[in-house]
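*Asks:* Take this structure, written in structure tokens, and hold onto it; I'll ask about it next.
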Amino acid sequence: MYHPDLLRHPDSCPALVLNADYTPLSYYPLSLWPWQTAVKALFLERVDIVASYEREVHSPTRAMHLPSVIALRQYVRPSEYPAFTRFNLFLRDRFACQYCGDPRELTFDHVIPRAKGGRTTWENVATACAPCNLRKGGRTPAEAHMQLNRRPIRPTSWQLQQHGKSFPPNYLHQTWRDYLYWDIELEA
């Protein structure tokens with residue numbers, strides 16, 4: 001019997017990692033482990049297999065289907081607040097300039113410029129495209145006659161996860177779909 005998974009190279013068979021409550025550890029980036037890490041965690045009895053690929057791997061004494069969805073046996077409590085990183089900042093602002101909405105040439109802007117005492121914090125940094133950032137320069141938005149679409153806030157991990165659901169990856173294996181809730185149209 002032919003199945004597309006049978007032709008897949010094992011390296012293209014990552015496992016979706018679910019927490020012990022069967023929710024993804026992370027939506028964006030999607031919590032995926034390479035097949036080797038998933039198999040090792042299985043043998044160390046840290047995870048349970050929820051679903052498998054048709055693709056098998058073999059040892060001298062054993063054959064097994066590669067896991068496509070695994071669940072941790074112990075619940076990992078997510079941190080309430082995410083780390084302040086460029087990626088998380090862009091995710092908070094939905095990968096768009098907070099002045100004009102353009103998604104290209106993104107950088108970040110200090111709302112109150114550092115030269116005027118502004119700090120690099122969630123509440124003082126916004127995503128900006130390079131042209132808007134250059135236009136604003138070392139001024140406040142009011143001085144530059146520019147308005148922010150949203151006031152910068154410190155997001156919770158839950159808020160970032162919700163924003164991440166708006167950006168599904170290019171590829172979702174069929175066995176993952178029951179555990180992911182993307183803002184995409186469902187198939188009939």
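If you're wondering about the labels, chains in the structure tokens are A, B, ... by order shown, residues count from 1 in each chain, ligands from 1 in order shown.
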Please extract the residues of stretch 3-156 of chain A with a backbone DSSP assignment of strand (DSSP E) and present them as a PyMOL selection string.

*Replies:* chain A and resi 15-18+32-33+47-58+63-72+106-110+125-129

*Asks:* Pick out the residues sitting within 10 Å of A:Pro103, and hand them over as a PyMOL selection string; count only C-alpha atoms, and ignore anything fewer than 2 positions along from it in its own chain.

*Replies:* chain A and resi 90+94-98+100-101+105-106+127-129

*Asks:* Pick out the residues sitting within 8 Å of A:Val57, and hand them over as a list in words; count only C-alpha atoms, and ignore anything fewer than 3 positions along from it in its own chain.

*Replies:* Pro10, Ala63, Met64, His65 and Leu66 of chain A

*Asks:* When you draw a straight line from atom CA of A:Cys132 to atom CA of A:Leu160, how long is it in Å?

*Replies:*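 Taking atom CA of A:Cys132 as the start and atom CA of A:Leu160 as the end point, the length is 24.2 Å.
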
*Asks:* Can you tell me, as a PyMOL selection string, what residues are no more than 12 Å from A:Glu80 when counting only C-alpha atoms, ignoring any on the same chain fewer than 3 positions away?

*Replies:* chain A and resi 77+83+154-161

*Asks:* Take the residues from that selection and put them in a file with N, CA and C atoms, as a PDB file, in the first residue's frame.

*Replies:*
ATOM      1  N   ARG A  77       4.674  24.040  33.178  1.00  0.00           N
ATOM      2  CA  ARG A  77       3.928  25.284  33.359  1.00  0.00           C
ATOM      3  C   ARG A  77       4.603  26.386  32.551  1.00  0.00           C
ATOM      4  N   ALA A  83      10.133  36.304  27.204  1.00  0.00           N
ATOM      5  CA  ALA A  83      11.376  37.069  27.175  1.00  0.00           C
ATOM      6  C   ALA A  83      11.241  38.217  26.181  1.00  0.00           C
ATOM      7  N   ARG A 154       3.504  45.218  27.750  1.00  0.00           N
ATOM      8  CA  ARG A 154       4.213  43.969  28.048  1.00  0.00           C
ATOM      9  C   ARG A 154       3.202  42.837  27.862  1.00  0.00           C
ATOM     10  N   PRO A 155       3.401  41.985  26.862  1.00  0.00           N
ATOM     11  CA  PRO A 155       2.416  40.925  26.619  1.00  0.00           C
ATOM     12  C   PRO A 155       2.606  39.748  27.568  1.00  0.00           C
ATOM     13  N   THR A 156       1.553  38.992  27.723  1.00  0.00           N
ATOM     14  CA  THR A 156       1.659  37.728  28.448  1.00  0.00           C
ATOM     15  C   THR A 156       2.008  36.641  27.437  1.00  0.00           C
ATOM     16  N   SER A 157       2.459  35.525  27.916  1.00  0.00           N
ATOM     17  CA  SER A 157       2.754  34.401  27.016  1.00  0.00           C
ATOM     18  C   SER A 157       1.493  33.972  26.287  1.00  0.00           C
ATOM     19  N   TRP A 158       0.356  34.019  26.983  1.00  0.00           N
ATOM     20  CA  TRP A 158      -0.917  33.647  26.361  1.00  0.00           C
ATOM     21  C   TRP A 158      -1.227  34.564  25.185  1.00  0.00           C
ATOM     22  N   GLN A 159      -1.005  35.876  25.332  1.00  0.00           N
ATOM     23  CA  GLN A 159      -1.260  36.821  24.238  1.00  0.00           C
ATOM     24  C   GLN A 159      -0.381  36.511  23.033  1.00  0.00           C
ATOM     25  N   LEU A 160       0.889  36.217  23.277  1.00  0.00           N
ATOM     26  CA  LEU A 160       1.773  35.878  22.157  1.00  0.00           C
ATOM     27  C   LEU A 160       1.330  34.587  21.478  1.00  0.00           C
ATOM     28  N   GLN A 161       0.870  33.618  22.269  1.00  0.00           N
ATOM     29  CA  GLN A 161       0.378  32.366  21.678  1.00  0.00           C
ATOM     30  C   GLN A 161      -0.831  32.658  20.791  1.00  0.00           C
TER      31      GLN A 161
END

*Asks:* Name all residues at most 12 Å from stretch 110-117 of chain A (count only C-alpha atoms; drop same-chain ones fewer than 4 positions away) and give them as a list of chain:residue names.

*Replies:*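 My list of contacting residues is A:Gln98, A:Tyr99, A:Thr121, A:Trp122, A:Glu123, A:Asn124, A:Val125, A:Ala126, A:Thr127, A:Ala128, A:Cys132, A:Asn133, A:Leu134, A:Lys136, A:Gly137, A:Gly138, A:Arg139, A:Thr140, A:Pro141, A:Ala142, A:Glu143, A:Ala144, A:Met146, A:Gln147, A:Leu148, A:Arg150, A:Arg151, A:Pro152, A:Ile153.
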
*Asks:* Step one, run DSSP on the backbone; step two, keep only residues of stretch 1-142 of chain A assigned to alpha helix (DSSP H); then write them as a PyMOL selection string.

*Replies:* chain A and resi 35-43+86-92+130-136

*Asks:* Calculated over only C-alpha atoms, which of the candidates A:Val39, A:Leu25, A:Leu32, A:Val17 has the smallest distance to A:Glu56?

*Replies:*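 Closest residue, counting only C-alpha atoms: A:Val39.
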
*Asks:* Kindly provide the residues of stretch 68-127 of chain A that approach stretch 45-52 of chain A to within 7 Å, each paired with its closest atom pair and their distance in Å to one decimal, based on only C-alpha atoms, listed by chain and increasing number, as a Markdown table.

*Replies:*
| residue | atom | partner | partner_atom | distance |
| --- | --- | --- | --- | --- |
| A:Ser68 | CA | A:Ser52 | CA | 4.6 |
| A:Val69 | CA | A:Ala51 | CA | 4.9 |
| A:Ile70 | CA | A:Ile49 | CA | 4.6 |
| A:Ala71 | CA | A:Asp48 | CA | 5.3 |
| A:Leu72 | CA | A:Val47 | CA | 4.4 |
| A:Arg73 | CA | A:Val47 | CA | 5.2 |

*Asks:* Keeping only N, CA, C and O atoms, write the selected residues as a CSV table (one decimal), in the first residue's frame.

*Replies:*
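Saved as again.csv:
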chain,number,residue,atom,x,y,z
A,68,SER,N,4.6,11.2,15.3
A,68,SER,CA,4.2,12.5,14.7
A,68,SER,C,3.7,13.5,15.7
A,68,SER,O,3.8,14.7,15.6
A,69,VAL,N,3.0,12.9,16.8
A,69,VAL,CA,2.5,13.7,17.9
A,69,VAL,C,2.9,13.0,19.2
A,69,VAL,O,2.6,11.8,19.3
A,70,ILE,N,3.5,13.7,20.1
A,70,ILE,CA,3.9,13.2,21.4
A,70,ILE,C,3.4,14.1,22.5
A,70,ILE,O,3.2,15.3,22.3
A,71,ALA,N,3.1,13.5,23.6
A,71,ALA,CA,2.6,14.3,24.8
A,71,ALA,C,3.6,14.1,26.0
A,71,ALA,O,3.9,12.9,26.2
A,72,LEU,N,4.0,15.2,26.6
A,72,LEU,CA,4.8,15.0,27.8
A,72,LEU,C,4.1,14.3,28.9
A,72,LEU,O,2.8,14.5,29.0
A,73,ARG,N,4.7,13.6,29.7
A,73,ARG,CA,4.1,12.9,30.8
A,73,ARG,C,3.9,13.8,32.0
A,73,ARG,O,3.0,13.7,32.8

*Asks:* Considering only C-alpha atoms, return as a list in words whatever protein or nucleic-acid residues lie within 8 Å of A:Val76, sequence-local ones (same chain, fewer than 2 positions apart) excluded.

*Replies:*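 My list of contacting residues is Asn19, Ala20, Gln74 and Pro78 of chain A.
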
*Asks:* Expressed in Å to a single decimal, how great is the separation between atom CA of A:Leu172 and atom CA of A:Leu89?

*Replies:* 24.9 Å

*Asks:* What is the distance between atom CA of A:Pro82 and atom CA of A:Thr120, in Å to one decimal?

*Replies:*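 Between atom CA of A:Pro82 and atom CA of A:Thr120 the gap works out to 15.1 Å.
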